[in-house]
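Printed here is model20.cif (mmCIF, C-alpha atoms):
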data_upload
loop_
_atom_site.label_atom_id
_atom_site.label_comp_id
_atom_site.auth_asym_id
_atom_site.auth_seq_id
_atom_site.Cartn_x
_atom_site.Cartn_y
_atom_site.Cartn_z
CA MET A 7 -25.55 163.47 121.33
CA LEU A 8 -23.39 162.29 118.45
CA CYS A 9 -23.57 165.06 115.85
CA SER A 10 -21.45 163.37 113.16
CA GLN A 11 -18.95 160.55 112.85
CA PHE A 12 -16.87 158.35 110.57
CA MET A 13 -14.92 155.26 111.62
CA ASP A 14 -12.81 152.57 110.00
CA SER A 15 -9.73 150.58 111.04
CA SER A 16 -7.23 153.42 110.47
CA PHE A 17 -9.23 156.59 111.04
CA LYS A 18 -11.83 157.85 113.51
CA TYR A 19 -13.73 161.11 113.51
CA ALA A 20 -16.59 162.23 115.77
CA HIS A 21 -18.30 165.41 116.89
CA THR A 22 -19.98 164.86 120.24
CA ARG A 23 -22.18 167.26 122.20
CA LEU A 24 -23.27 166.23 125.70
CA LYS A 25 -25.22 167.99 128.42
CA PRO A 26 -23.72 168.91 131.81
CA GLY A 27 -23.22 165.77 133.90
CA GLU A 28 -23.51 163.30 131.01
CA PHE A 29 -19.76 162.76 130.71
CA LYS A 30 -17.23 162.99 133.54
CA GLY A 31 -14.06 162.04 131.68
CA THR A 32 -11.78 159.19 130.63
CA SER A 33 -9.49 156.77 132.44
CA PRO A 34 -5.76 157.10 131.72
CA GLN A 35 -5.26 155.63 128.26
CA THR A 36 -3.04 155.65 125.23
CA HIS A 37 -3.49 155.12 121.48
CA ASN A 38 -1.48 153.63 118.65
CA ALA A 39 -2.49 156.68 116.60
CA PHE A 40 -2.30 160.46 116.77
CA GLU A 41 -5.29 162.05 118.47
CA MET A 42 -6.65 165.59 118.12
CA ILE A 43 -9.44 166.91 120.34
CA LEU A 44 -10.88 170.35 119.65
CA LEU A 45 -12.83 171.72 122.60
CA ASN A 46 -15.88 173.75 121.68
CA ASN A 47 -18.22 174.72 124.49
CA CYS A 48 -16.55 173.05 127.47
CA GLU A 49 -13.83 173.33 130.09
CA VAL A 50 -11.67 170.32 130.97
CA THR A 51 -8.64 169.20 132.93
CA TYR A 52 -6.29 167.41 130.57
CA ARG A 53 -3.46 165.24 131.85
CA ALA A 54 -0.61 164.24 129.55
CA GLU A 55 1.59 162.00 131.68
CA GLU A 56 3.22 164.31 134.26
CA LYS A 57 1.58 167.51 132.95
CA ARG A 58 -1.83 168.87 133.88
CA TYR A 59 -3.68 171.58 131.92
CA GLN A 60 -6.84 173.57 132.63
CA LEU A 61 -8.37 174.13 129.19
CA LYS A 62 -11.15 176.29 127.85
CA PRO A 63 -13.06 176.42 124.54
CA ASN A 64 -11.02 176.74 121.30
CA SER A 65 -8.20 174.65 122.75
CA LEU A 66 -6.79 171.83 120.61
CA ILE A 67 -5.30 168.81 122.40
CA PHE A 68 -2.64 167.08 120.29
CA THR A 69 -1.57 163.67 121.57
CA PRO A 70 1.04 161.48 119.81
CA PRO A 71 0.95 157.67 119.89
CA GLY A 72 1.96 156.09 123.17
CA LYS A 73 1.44 159.10 125.46
CA LEU A 74 -0.62 158.31 128.55
CA HIS A 75 -3.42 160.86 128.92
CA SER A 76 -6.83 161.46 130.44
CA ILE A 77 -9.59 164.09 130.53
CA ARG A 78 -11.83 165.26 133.36
CA VAL A 79 -14.78 167.46 132.46
CA ASP A 80 -16.01 170.37 134.55
CA GLU A 81 -19.56 169.13 135.21
CA ARG A 82 -20.93 172.66 135.23
CA TRP A 83 -20.31 172.58 131.49
CA GLY A 84 -21.42 170.16 128.83
CA TYR A 85 -18.87 168.34 126.70
CA ASP A 86 -18.78 169.58 123.11
CA ARG A 87 -15.76 168.44 121.15
CA PHE A 88 -14.40 167.21 117.83
CA ASN A 89 -12.24 164.09 118.11
CA VAL A 90 -9.94 162.69 115.41
CA LEU A 91 -7.61 159.68 115.54
CA PHE A 92 -5.40 158.94 112.55
CA ASP A 93 -2.57 156.61 111.57
CA PRO A 94 0.82 158.42 111.59
CA LYS A 95 1.54 157.05 108.11
CA ALA A 96 -1.58 158.71 106.70
CA VAL A 97 -0.05 162.20 106.64
CA ASN A 98 3.22 163.74 105.46
CA ALA A 99 5.83 162.61 108.00
CA ASP A 100 8.20 165.52 107.34
CA VAL A 101 5.46 168.01 108.25
CA LEU A 102 4.09 165.99 111.16
CA ASN A 103 7.56 165.71 112.71
CA GLN A 104 7.78 169.51 112.88
CA ILE A 105 5.29 169.46 115.74
CA PRO A 106 7.33 168.97 118.94
CA LYS A 107 6.40 165.83 120.87
CA ASP A 108 6.11 167.80 124.11
CA LEU A 109 3.67 170.32 122.60
CA ASP A 110 0.36 169.04 123.96
CA VAL A 111 -1.99 171.99 123.50
CA PHE A 112 -2.73 174.76 121.00
CA VAL A 113 -4.98 177.65 121.99
CA PHE A 114 -6.78 179.58 119.24
CA GLU A 115 -7.90 182.94 120.59
CA GLU A 116 -8.18 184.90 117.34
CA ASP A 117 -6.93 182.59 114.58
CA THR A 118 -9.97 180.63 113.36
CA THR A 119 -8.31 178.76 110.47
CA VAL A 120 -8.06 175.40 112.26
CA LEU A 121 -11.53 175.79 113.80
CA ALA A 122 -12.99 176.25 110.31
CA LEU A 123 -11.30 173.07 109.06
CA PHE A 124 -12.91 171.03 111.83
CA ALA A 125 -16.27 172.58 110.98
CA LYS A 126 -15.78 171.45 107.39
CA MET A 127 -15.50 167.86 108.59
CA GLU A 128 -19.02 167.98 109.96
CA HIS A 129 -20.21 169.71 106.79
CA TYR A 130 -18.91 166.90 104.55
CA CYS A 131 -20.37 164.23 106.84
CA ARG A 132 -23.83 165.49 105.87
CA TYR A 133 -23.31 164.80 102.17
CA PHE A 134 -20.82 161.94 101.76
CA GLU A 135 -20.06 158.50 103.17
CA GLY A 136 -17.64 155.59 102.74
CA GLU A 137 -14.32 156.07 100.97
CA ALA A 138 -15.38 159.41 99.48
CA LEU A 139 -15.95 160.80 102.98
CA LYS A 140 -12.74 159.29 104.36
CA THR A 141 -10.73 160.86 101.53
CA VAL A 142 -11.98 164.38 102.18
CA LEU A 143 -11.69 163.99 105.98
CA MET A 144 -8.08 162.82 105.71
CA ASP A 145 -7.35 165.74 103.40
CA LEU A 146 -8.70 168.09 106.07
CA VAL A 147 -6.60 166.37 108.74
CA GLU A 148 -3.48 166.97 106.67
CA GLN A 149 -4.48 170.61 106.17
CA ILE A 150 -4.88 170.94 109.95
CA ILE A 151 -1.37 169.53 110.48
CA TYR A 152 0.04 172.05 107.99
CA GLU A 153 -1.81 174.88 109.74
CA LEU A 154 -0.48 173.80 113.14
CA VAL A 155 3.07 173.91 111.79
CA ILE A 156 2.42 177.41 110.37
CA PHE A 157 0.98 178.40 113.75
CA ILE A 158 4.25 177.28 115.38
CA GLN A 159 6.46 178.97 112.79
CA LYS A 160 4.63 182.28 113.25
CA GLY A 161 5.31 182.12 116.98
CA LYS A 162 1.62 182.01 117.89
CA VAL A 163 1.93 179.16 120.37
CA LYS A 164 1.38 180.64 123.82
CA PRO A 165 2.19 179.11 127.21
CA THR A 166 -0.86 177.20 128.45
CA GLY A 167 0.11 177.22 132.10
CA HIS A 168 0.53 173.50 132.60
CA HIS A 169 1.29 172.17 136.05
CA THR A 170 3.75 169.34 136.71
CA VAL A 171 1.85 166.98 138.98
CA ASN A 172 4.94 165.78 140.86
CA PRO A 173 8.70 166.26 140.24
CA THR A 174 9.55 162.65 141.09
CA VAL A 175 6.91 161.33 138.68
CA ALA A 176 8.26 163.69 136.01
CA ALA A 177 11.81 162.44 136.60
CA ALA A 178 10.64 158.81 136.43
CA ILE A 179 8.85 159.40 133.12
CA GLU A 180 11.97 161.07 131.72
CA TYR A 181 14.05 158.09 132.86
CA VAL A 182 11.68 155.63 131.17
CA ASP A 183 11.69 157.60 127.91
CA LYS A 184 15.50 157.76 127.86
CA ASN A 185 15.91 154.06 128.65
CA LEU A 186 13.00 152.57 126.75
CA HIS A 187 15.38 150.78 124.37
CA ARG A 188 17.31 148.94 127.05
CA GLU A 189 16.48 146.49 129.80
CA PHE A 190 16.26 147.98 133.29
CA SER A 191 14.51 147.11 136.54
CA LEU A 192 12.40 149.16 138.93
CA ASP A 193 15.23 148.80 141.44
CA MET A 194 17.65 150.41 138.98
CA MET A 195 15.27 153.27 138.27
CA CYS A 196 14.52 153.89 141.95
CA GLN A 197 18.21 153.88 142.77
CA GLU A 198 18.80 156.45 140.04
CA LEU A 199 15.94 158.63 141.34
CA PHE A 200 16.81 158.18 145.05
CA VAL A 201 13.32 156.95 145.87
CA SER A 202 11.96 153.71 147.32
CA LYS A 203 9.84 151.37 145.17
CA SER A 204 6.90 151.66 147.56
CA HIS A 205 6.96 155.46 147.46
CA LEU A 206 7.27 155.54 143.66
CA HIS A 207 4.31 153.15 143.44
CA GLN A 208 2.26 155.46 145.65
CA LEU A 209 3.15 158.47 143.50
CA PHE A 210 2.33 156.75 140.21
CA THR A 211 -0.99 155.35 141.39
CA ARG A 212 -1.93 158.72 142.87
CA TYR A 213 -1.01 160.94 139.93
CA LEU A 214 -1.20 158.60 136.91
CA GLN A 215 -3.64 155.94 138.22
CA VAL A 216 -1.24 153.21 137.11
CA SER A 217 1.67 151.36 138.73
CA PRO A 218 5.26 152.12 137.62
CA TRP A 219 5.69 148.57 136.30
CA ARG A 220 2.47 148.71 134.27
CA TYR A 221 3.40 152.15 132.92
CA ILE A 222 6.80 150.89 131.72
CA LEU A 223 5.31 147.75 130.18
CA GLY A 224 2.58 149.72 128.39
CA LYS A 225 5.08 152.21 126.95
CA ARG A 226 7.34 149.40 125.71
CA LEU A 227 4.51 147.46 124.10
CA MET A 228 3.10 150.51 122.35
CA ALA A 229 6.54 151.47 121.02
CA ALA A 230 7.08 147.89 119.84
CA GLN A 231 3.71 147.85 118.08
CA LEU A 232 4.49 151.07 116.22
CA ALA A 233 7.87 149.63 115.16
CA ILE A 234 6.23 146.44 113.85
CA ARG A 235 3.63 148.48 111.98
CA ALA A 236 6.48 150.43 110.42
CA GLY A 237 7.87 147.21 108.95
CA GLU A 238 10.27 145.77 111.53
CA GLY A 239 10.05 142.07 112.42
CA PRO A 240 8.69 141.02 115.84
CA THR A 241 11.76 138.87 116.55
CA GLU A 242 13.93 141.92 115.94
CA VAL A 243 11.78 144.39 117.86
CA TYR A 244 11.38 142.69 121.25
CA SER A 245 15.00 143.14 122.31
CA GLN A 246 14.95 146.80 121.23
CA PHE A 247 12.38 147.62 123.91
CA GLY A 248 13.76 145.98 127.02
CA PHE A 249 12.49 142.41 126.69
CA SER A 250 15.13 139.75 127.34
CA GLU A 251 13.08 136.88 125.89
CA TYR A 252 10.71 136.69 122.94
CA SER A 253 8.34 134.42 124.86
CA SER A 254 7.69 137.04 127.56
CA PHE A 255 7.28 139.72 124.88
CA TYR A 256 4.83 137.49 122.99
CA ARG A 257 2.66 136.88 126.08
CA ALA A 258 2.59 140.54 127.09
CA TYR A 259 1.84 141.67 123.53
CA HIS A 260 -1.01 139.20 123.10
CA LYS A 261 -2.50 140.16 126.46
CA GLN A 262 -2.32 143.89 125.66
CA PHE A 263 -3.57 143.88 122.06
CA GLY A 264 -5.45 140.59 121.71
CA TYR A 265 -3.31 139.01 118.99
CA ALA A 266 0.25 137.82 118.38
CA PRO A 267 3.03 140.22 117.28
CA SER A 268 3.36 138.30 114.01
CA GLU A 269 -0.32 139.01 113.26
CA GLU A 270 0.16 142.78 113.47
CA ASN A 271 -0.93 144.61 110.34
CA GLU A 272 -2.69 147.75 109.23
CA SER A 273 -6.08 146.05 109.15
CA HIS A 274 -6.16 145.96 112.94
CA PRO A 275 -8.14 148.91 114.25
CA ILE A 276 -6.90 151.94 116.11
CA LEU A 277 -6.69 150.88 119.74
CA GLU A 278 -7.41 152.73 122.95
CA SER A 279 -5.37 150.92 125.60
CA GLU A 280 -5.69 151.50 129.32
CA PHE A 281 -2.52 151.00 131.39
CA LEU A 282 -4.20 148.91 134.09
#

Mind turning this structure into C-alpha coordinates?
Amino acid sequence: MLCSQFMDSSFKYAHTRLKPGEFKGTSPQTHNAFEMILLNNCEVTYRAEEKRYQLKPNSLIFTPPGKLHSIRVDERWGYDRFNVLFDPKAVNADVLNQIPKDLDVFVFEEDTTVLALFAKMEHYCRYFEGEALKTVLMDLVEQIIYELVIFIQKGKVKPTGHHTVNPTVAAAIEYVDKNLHREFSLDMMCQELFVSKSHLHQLFTRYLQVSPWRYILGKRLMAAQLAIRAGEGPTEVYSQFGFSEYSSFYRAYHKQFGYAPSEENESHPILESEFL
(Lines of atoms letter the chains of each structure in order from A and count residues from 1; the text may use other names and numbers.)
(Lines give C-alpha, C1' and ligand atoms only; values in the text may rest on other atoms or scores of the structure.)
Protein backbone atom coordinates (compact mmCIF):
# COMPACT_ATOMS: atom_id res chain seq x y z
CA MET A 1 0.00 0.00 0.00
CA LEU A 2 1.28 3.44 -0.90
CA CYS A 3 0.58 5.61 2.14
CA SER A 4 1.83 8.93 0.71
CA GLN A 5 4.01 10.17 -2.13
CA PHE A 6 5.31 13.12 -4.11
CA MET A 7 7.29 12.94 -7.34
CA ASP A 8 8.76 15.32 -9.88
CA SER A 9 11.89 15.34 -12.06
CA SER A 10 14.31 16.25 -9.24
CA PHE A 11 12.70 14.86 -6.10
CA LYS A 12 10.90 11.68 -5.06
CA TYR A 13 9.24 10.85 -1.77
CA ALA A 14 7.13 7.82 -0.84
CA HIS A 15 5.94 5.97 2.23
CA THR A 16 5.16 2.37 1.36
CA ARG A 17 3.67 -0.33 3.58
CA LEU A 18 3.48 -3.87 2.19
CA LYS A 19 2.39 -7.18 3.69
CA PRO A 20 4.77 -10.13 4.18
CA GLY A 21 5.63 -11.68 0.82
CA GLU A 22 4.46 -8.74 -1.31
CA PHE A 23 7.98 -7.41 -1.90
CA LYS A 24 11.16 -9.48 -2.05
CA GLY A 25 13.68 -6.76 -2.87
CA THR A 26 15.45 -4.87 -5.64
CA SER A 27 18.00 -5.76 -8.30
CA PRO A 28 21.43 -4.12 -7.99
CA GLN A 29 20.94 -0.52 -9.08
CA THR A 30 22.29 2.97 -8.77
CA HIS A 31 20.86 6.50 -8.88
CA ASN A 32 21.98 9.90 -10.09
CA ALA A 33 20.64 11.29 -6.80
CA PHE A 34 21.07 10.80 -3.07
CA GLU A 35 18.72 8.22 -1.60
CA MET A 36 17.50 7.84 1.99
CA ILE A 37 15.46 4.84 3.12
CA LEU A 38 14.08 4.77 6.65
CA LEU A 39 13.04 1.29 7.73
CA ASN A 40 9.97 1.17 9.93
CA ASN A 41 8.49 -2.24 10.63
CA CYS A 42 10.78 -4.50 8.60
CA GLU A 43 14.10 -6.32 8.51
CA VAL A 44 16.24 -6.29 5.37
CA THR A 45 19.61 -7.26 3.96
CA TYR A 46 21.18 -4.19 2.39
CA ARG A 47 24.12 -4.46 0.02
CA ALA A 48 26.22 -1.40 -0.78
CA GLU A 49 28.78 -2.64 -3.30
CA GLU A 50 31.13 -4.92 -1.34
CA LYS A 51 29.39 -4.42 2.03
CA ARG A 52 26.41 -6.35 3.36
CA TYR A 53 24.27 -5.23 6.32
CA GLN A 54 21.51 -6.94 8.30
CA LEU A 55 19.18 -4.10 9.27
CA LYS A 56 16.26 -3.76 11.65
CA PRO A 57 13.57 -1.10 12.19
CA ASN A 58 14.71 2.51 12.82
CA SER A 59 17.70 2.08 10.50
CA LEU A 60 18.35 4.78 7.90
CA ILE A 61 20.09 3.77 4.67
CA PHE A 62 22.01 6.66 3.12
CA THR A 63 23.19 6.06 -0.44
CA PRO A 64 25.14 8.66 -2.48
CA PRO A 65 24.87 8.94 -6.27
CA GLY A 66 26.61 6.22 -8.24
CA LYS A 67 26.86 3.58 -5.49
CA LEU A 68 25.63 0.15 -6.56
CA HIS A 69 23.17 -1.20 -4.01
CA SER A 70 20.30 -3.61 -3.49
CA ILE A 71 17.81 -4.69 -0.82
CA ARG A 72 16.44 -8.11 0.08
CA VAL A 73 13.48 -8.25 2.45
CA ASP A 74 12.99 -10.88 5.14
CA GLU A 75 9.68 -12.31 3.92
CA ARG A 76 8.55 -13.05 7.47
CA TRP A 77 8.17 -9.29 7.79
CA GLY A 78 6.28 -6.79 5.70
CA TYR A 79 8.09 -3.89 4.06
CA ASP A 80 7.31 -0.55 5.70
CA ARG A 81 9.66 2.24 4.71
CA PHE A 82 10.04 5.91 3.82
CA ASN A 83 12.03 6.52 0.64
CA VAL A 84 13.47 9.87 -0.51
CA LEU A 85 15.60 10.66 -3.57
CA PHE A 86 16.91 14.18 -4.04
CA ASP A 87 19.26 16.10 -6.31
CA PRO A 88 22.63 16.80 -4.60
CA LYS A 89 22.35 20.47 -5.59
CA ALA A 90 19.06 20.82 -3.71
CA VAL A 91 20.72 20.94 -0.27
CA ASN A 92 23.65 22.77 1.31
CA ALA A 93 26.76 21.13 -0.17
CA ASP A 94 29.03 22.10 2.74
CA VAL A 95 26.76 20.26 5.18
CA LEU A 96 26.08 17.30 2.88
CA ASN A 97 29.81 16.76 2.35
CA GLN A 98 30.28 16.27 6.09
CA ILE A 99 28.61 12.87 5.79
CA PRO A 100 31.38 10.39 4.89
CA LYS A 101 30.81 8.61 1.58
CA ASP A 102 31.48 5.23 3.19
CA LEU A 103 28.87 5.77 5.92
CA ASP A 104 25.96 3.73 4.58
CA VAL A 105 23.74 3.26 7.62
CA PHE A 106 22.52 5.19 10.67
CA VAL A 107 20.77 3.34 13.49
CA PHE A 108 18.43 5.31 15.76
CA GLU A 109 17.87 3.39 18.97
CA GLU A 110 16.87 6.24 21.29
CA ASP A 111 17.23 9.44 19.27
CA THR A 112 13.88 10.02 17.54
CA THR A 113 14.63 13.41 15.96
CA VAL A 114 15.16 12.10 12.42
CA LEU A 115 12.23 9.67 12.72
CA ALA A 116 9.94 12.58 13.61
CA LEU A 117 11.08 14.55 10.55
CA PHE A 118 10.13 11.67 8.25
CA ALA A 119 6.76 11.45 9.97
CA LYS A 120 6.23 15.14 9.23
CA MET A 121 6.62 14.42 5.53
CA GLU A 122 3.59 12.17 5.59
CA HIS A 123 1.71 14.72 7.69
CA TYR A 124 2.24 17.50 5.11
CA CYS A 125 1.29 15.18 2.24
CA ARG A 126 -2.24 15.07 3.68
CA TYR A 127 -2.73 18.83 3.41
CA PHE A 128 -0.59 20.18 0.54
CA GLU A 129 0.32 19.37 -3.05
CA GLY A 130 2.39 20.71 -5.95
CA GLU A 131 5.15 23.23 -5.37
CA ALA A 132 3.93 24.05 -1.85
CA LEU A 133 4.36 20.40 -0.85
CA LYS A 134 7.73 20.08 -2.58
CA THR A 135 9.02 23.16 -0.76
CA VAL A 136 8.17 21.85 2.69
CA LEU A 137 9.41 18.32 1.88
CA MET A 138 12.77 19.65 0.65
CA ASP A 139 13.02 21.76 3.79
CA LEU A 140 12.54 18.61 5.86
CA VAL A 141 15.17 16.77 3.80
CA GLU A 142 17.68 19.52 4.55
CA GLN A 143 16.77 19.36 8.25
CA ILE A 144 17.39 15.61 8.17
CA ILE A 145 20.83 16.16 6.61
CA TYR A 146 21.69 18.66 9.35
CA GLU A 147 20.50 16.22 12.03
CA LEU A 148 22.61 13.41 10.53
CA VAL A 149 25.69 15.63 10.71
CA ILE A 150 24.89 16.47 14.35
CA PHE A 151 24.42 12.74 15.00
CA ILE A 152 27.93 12.16 13.62
CA GLN A 153 29.49 15.06 15.53
CA LYS A 154 28.02 13.80 18.82
CA GLY A 155 29.63 10.41 18.22
CA LYS A 156 26.31 8.58 18.11
CA VAL A 157 27.09 6.57 15.00
CA LYS A 158 27.54 2.96 16.10
CA PRO A 159 29.12 0.08 14.17
CA THR A 160 26.39 -1.72 12.22
CA GLY A 161 28.27 -4.97 11.81
CA HIS A 162 28.61 -4.96 8.04
CA HIS A 163 30.17 -7.94 6.32
CA THR A 164 32.55 -7.64 3.37
CA VAL A 165 31.18 -10.08 0.82
CA ASN A 166 34.58 -10.95 -0.66
CA PRO A 167 38.07 -9.41 -0.21
CA THR A 168 38.92 -9.64 -3.92
CA VAL A 169 35.68 -7.89 -4.89
CA ALA A 170 36.41 -5.21 -2.28
CA ALA A 171 39.93 -4.72 -3.68
CA ALA A 172 38.56 -4.49 -7.23
CA ILE A 173 36.00 -1.85 -6.24
CA GLU A 174 38.74 0.15 -4.50
CA TYR A 175 40.88 -0.10 -7.64
CA VAL A 176 38.03 1.15 -9.83
CA ASP A 177 37.30 4.08 -7.51
CA LYS A 178 40.97 5.12 -7.44
CA ASN A 179 41.37 4.84 -11.22
CA LEU A 180 37.99 6.05 -12.42
CA HIS A 181 39.57 9.14 -13.99
CA ARG A 182 42.03 7.26 -16.17
CA GLU A 183 41.81 4.65 -18.88
CA PHE A 184 42.58 1.09 -17.78
CA SER A 185 41.69 -2.40 -18.97
CA LEU A 186 40.38 -5.45 -17.15
CA ASP A 187 43.74 -7.08 -17.86
CA MET A 188 45.53 -4.25 -16.05
CA MET A 189 43.20 -4.48 -13.07
CA CYS A 190 43.46 -8.27 -12.84
CA GLN A 191 47.24 -8.08 -13.04
CA GLU A 192 47.24 -5.57 -10.19
CA LEU A 193 44.93 -7.79 -8.10
CA PHE A 194 46.71 -11.07 -8.98
CA VAL A 195 43.48 -12.66 -10.20
CA SER A 196 42.37 -14.07 -13.55
CA LYS A 197 39.65 -12.34 -15.58
CA SER A 198 37.45 -15.44 -15.48
CA HIS A 199 37.69 -15.71 -11.70
CA LEU A 200 37.00 -11.98 -11.21
CA HIS A 201 33.97 -12.31 -13.48
CA GLN A 202 32.69 -15.20 -11.38
CA LEU A 203 33.15 -13.22 -8.17
CA PHE A 204 31.41 -10.10 -9.49
CA THR A 205 28.44 -11.96 -10.93
CA ARG A 206 28.10 -13.97 -7.72
CA TYR A 207 28.34 -11.14 -5.22
CA LEU A 208 27.25 -8.05 -7.20
CA GLN A 209 25.10 -9.67 -9.92
CA VAL A 210 26.98 -7.71 -12.57
CA SER A 211 30.10 -8.31 -14.66
CA PRO A 212 33.31 -6.37 -13.88
CA TRP A 213 33.20 -4.64 -17.27
CA ARG A 214 29.58 -3.55 -16.82
CA TYR A 215 30.30 -2.35 -13.28
CA ILE A 216 33.21 -0.18 -14.48
CA LEU A 217 31.20 1.22 -17.39
CA GLY A 218 28.22 2.02 -15.16
CA LYS A 219 30.39 3.81 -12.60
CA ARG A 220 32.09 5.88 -15.30
CA LEU A 221 28.84 6.87 -16.98
CA MET A 222 27.19 7.87 -13.71
CA ALA A 223 30.22 9.96 -12.70
CA ALA A 224 30.24 11.59 -16.14
CA GLN A 225 26.53 12.40 -15.90
CA LEU A 226 26.98 14.06 -12.51
CA ALA A 227 29.88 16.12 -13.91
CA ILE A 228 27.79 17.26 -16.90
CA ARG A 229 24.91 18.16 -14.60
CA ALA A 230 27.36 20.21 -12.55
CA GLY A 231 28.14 22.31 -15.63
CA GLU A 232 31.05 20.62 -17.41
CA GLY A 233 30.87 20.08 -21.18
CA PRO A 234 30.39 16.54 -22.56
CA THR A 235 33.42 16.89 -24.85
CA GLU A 236 35.52 17.74 -21.81
CA VAL A 237 34.07 15.08 -19.52
CA TYR A 238 34.47 11.90 -21.58
CA SER A 239 38.27 11.78 -21.34
CA GLN A 240 38.13 12.44 -17.58
CA PHE A 241 36.39 9.11 -17.00
CA GLY A 242 38.44 6.66 -19.01
CA PHE A 243 36.94 6.99 -22.49
CA SER A 244 39.50 7.34 -25.27
CA GLU A 245 37.00 8.48 -27.91
CA TYR A 246 33.94 10.71 -27.70
CA SER A 247 32.03 8.46 -30.12
CA SER A 248 32.24 5.44 -27.80
CA PHE A 249 31.30 7.63 -24.83
CA TYR A 250 28.33 9.02 -26.76
CA ARG A 251 27.00 5.56 -27.67
CA ALA A 252 27.39 4.19 -24.14
CA TYR A 253 25.81 7.30 -22.60
CA HIS A 254 22.82 7.21 -24.93
CA LYS A 255 22.30 3.49 -24.31
CA GLN A 256 22.46 3.93 -20.53
CA PHE A 257 20.33 7.06 -20.10
CA GLY A 258 18.25 7.24 -23.28
CA TYR A 259 19.52 10.57 -24.61
CA ALA A 260 22.73 12.21 -25.81
CA PRO A 261 25.26 13.75 -23.38
CA SER A 262 24.63 17.18 -24.93
CA GLU A 263 20.92 16.85 -24.04
CA GLU A 264 21.65 16.40 -20.33
CA ASN A 265 19.88 18.93 -18.14
CA GLU A 266 18.06 19.21 -14.85
CA SER A 267 14.68 18.57 -16.44
CA HIS A 268 15.58 14.92 -16.95
CA PRO A 269 14.17 12.84 -14.12
CA ILE A 270 16.01 11.08 -11.35
CA LEU A 271 17.09 7.76 -12.81
CA GLU A 272 17.33 4.30 -11.31
CA SER A 273 19.89 2.48 -13.46
CA GLU A 274 20.58 -1.23 -13.29
CA PHE A 275 24.14 -2.33 -14.10
CA LEU A 276 23.11 -5.15 -16.43

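Among A:Gly224, A:Pro63, A:Pro218, A:Gly167, the residue with the shortest atom-to-atom distance to A:Met195, counting all atoms listed in the file, is A:Pro218.
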
*Tell me which residues the PyMOL selection byres ((chain A and resi 20) around 7) grabs here, as a ChimeraX atom specification.*
/A:10-12,18-19,21-22,88-90

Once you count all atoms listed in the file, what closest atom pair and distance in Å to one decimal does each residue of stretch 75-144 of chain A within 12 Å of stretch 229-236 of chain A have, with rows by chain and rising residue number, as CSV?
residue,atom,partner,partner_atom,distance
A:Asp93,CA,A:Leu232,CA,10.1
A:Pro94,CA,A:Leu232,CA,9.4
A:Lys95,CA,A:Ala236,CA,8.6

Decode the PyMOL selection byres ((chain A and resi 249-257) around 12) for the given file into explicit residues and return them as an mmCIF file with C-alpha atoms, in the frame of the given file.
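File written: selection-v4.cif
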data_model
loop_
_atom_site.group_PDB
_atom_site.id
_atom_site.type_symbol
_atom_site.label_atom_id
_atom_site.label_comp_id
_atom_site.auth_asym_id
_atom_site.auth_seq_id
_atom_site.Cartn_x
_atom_site.Cartn_y
_atom_site.Cartn_z
ATOM 1 C CA LEU A 186 13.000 152.570 126.750
ATOM 2 C CA HIS A 187 15.380 150.780 124.370
ATOM 3 C CA ARG A 188 17.310 148.940 127.050
ATOM 4 C CA GLU A 189 16.480 146.490 129.800
ATOM 5 C CA PHE A 190 16.260 147.980 133.290
ATOM 6 C CA SER A 191 14.510 147.110 136.540
ATOM 7 C CA ILE A 222 6.800 150.890 131.720
ATOM 8 C CA LEU A 223 5.310 147.750 130.180
ATOM 9 C CA GLY A 224 2.580 149.720 128.390
ATOM 10 C CA ARG A 226 7.340 149.400 125.710
ATOM 11 C CA LEU A 227 4.510 147.460 124.100
ATOM 12 C CA MET A 228 3.100 150.510 122.350
ATOM 13 C CA ALA A 230 7.080 147.890 119.840
ATOM 14 C CA GLN A 231 3.710 147.850 118.080
ATOM 15 C CA GLY A 239 10.050 142.070 112.420
ATOM 16 C CA PRO A 240 8.690 141.020 115.840
ATOM 17 C CA THR A 241 11.760 138.870 116.550
ATOM 18 C CA GLU A 242 13.930 141.920 115.940
ATOM 19 C CA VAL A 243 11.780 144.390 117.860
ATOM 20 C CA TYR A 244 11.380 142.690 121.250
ATOM 21 C CA SER A 245 15.000 143.140 122.310
ATOM 22 C CA GLN A 246 14.950 146.800 121.230
ATOM 23 C CA PHE A 247 12.380 147.620 123.910
ATOM 24 C CA GLY A 248 13.760 145.980 127.020
ATOM 25 C CA ALA A 258 2.590 140.540 127.090
ATOM 26 C CA TYR A 259 1.840 141.670 123.530
ATOM 27 C CA HIS A 260 -1.010 139.200 123.100
ATOM 28 C CA LYS A 261 -2.500 140.160 126.460
ATOM 29 C CA GLN A 262 -2.320 143.890 125.660
ATOM 30 C CA PHE A 263 -3.570 143.880 122.060
ATOM 31 C CA GLY A 264 -5.450 140.590 121.710
ATOM 32 C CA TYR A 265 -3.310 139.010 118.990
ATOM 33 C CA ALA A 266 0.250 137.820 118.380
ATOM 34 C CA PRO A 267 3.030 140.220 117.280
ATOM 35 C CA SER A 268 3.360 138.300 114.010
ATOM 36 C CA GLU A 269 -0.320 139.010 113.260
ATOM 37 C CA GLU A 270 0.160 142.780 113.470
#

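For the structure in this document, the set picked by the PyMOL selection byres ((chain A and resi 114) around 8) is Asn64, Ser65, Leu66, Phe112, Val113, Glu115, Glu116, Asp117 and Thr118 of chain A.
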
*Pick out the residues sitting within 10 Å of A:Ala54, and hand them over as JSON, numbers by chain; count only C-alpha atoms, and ignore anything fewer than 5 positions along from it in its own chain.*
{"A": [34, 35, 36, 59, 67, 68, 69, 73, 74, 75, 76, 77, 108, 110, 111, 168, 170, 214]}

If the box runs along x, y and z of the file and leaves 6 Å on each side of stretch 75-82 of chain A, what are its centre and edge lengths in Å, one decimal, as JSON?
{"center_x": -12.2, "center_y": 166.8, "center_z": 132.1, "size_x": 29.5, "size_y": 23.8, "size_z": 18.3}
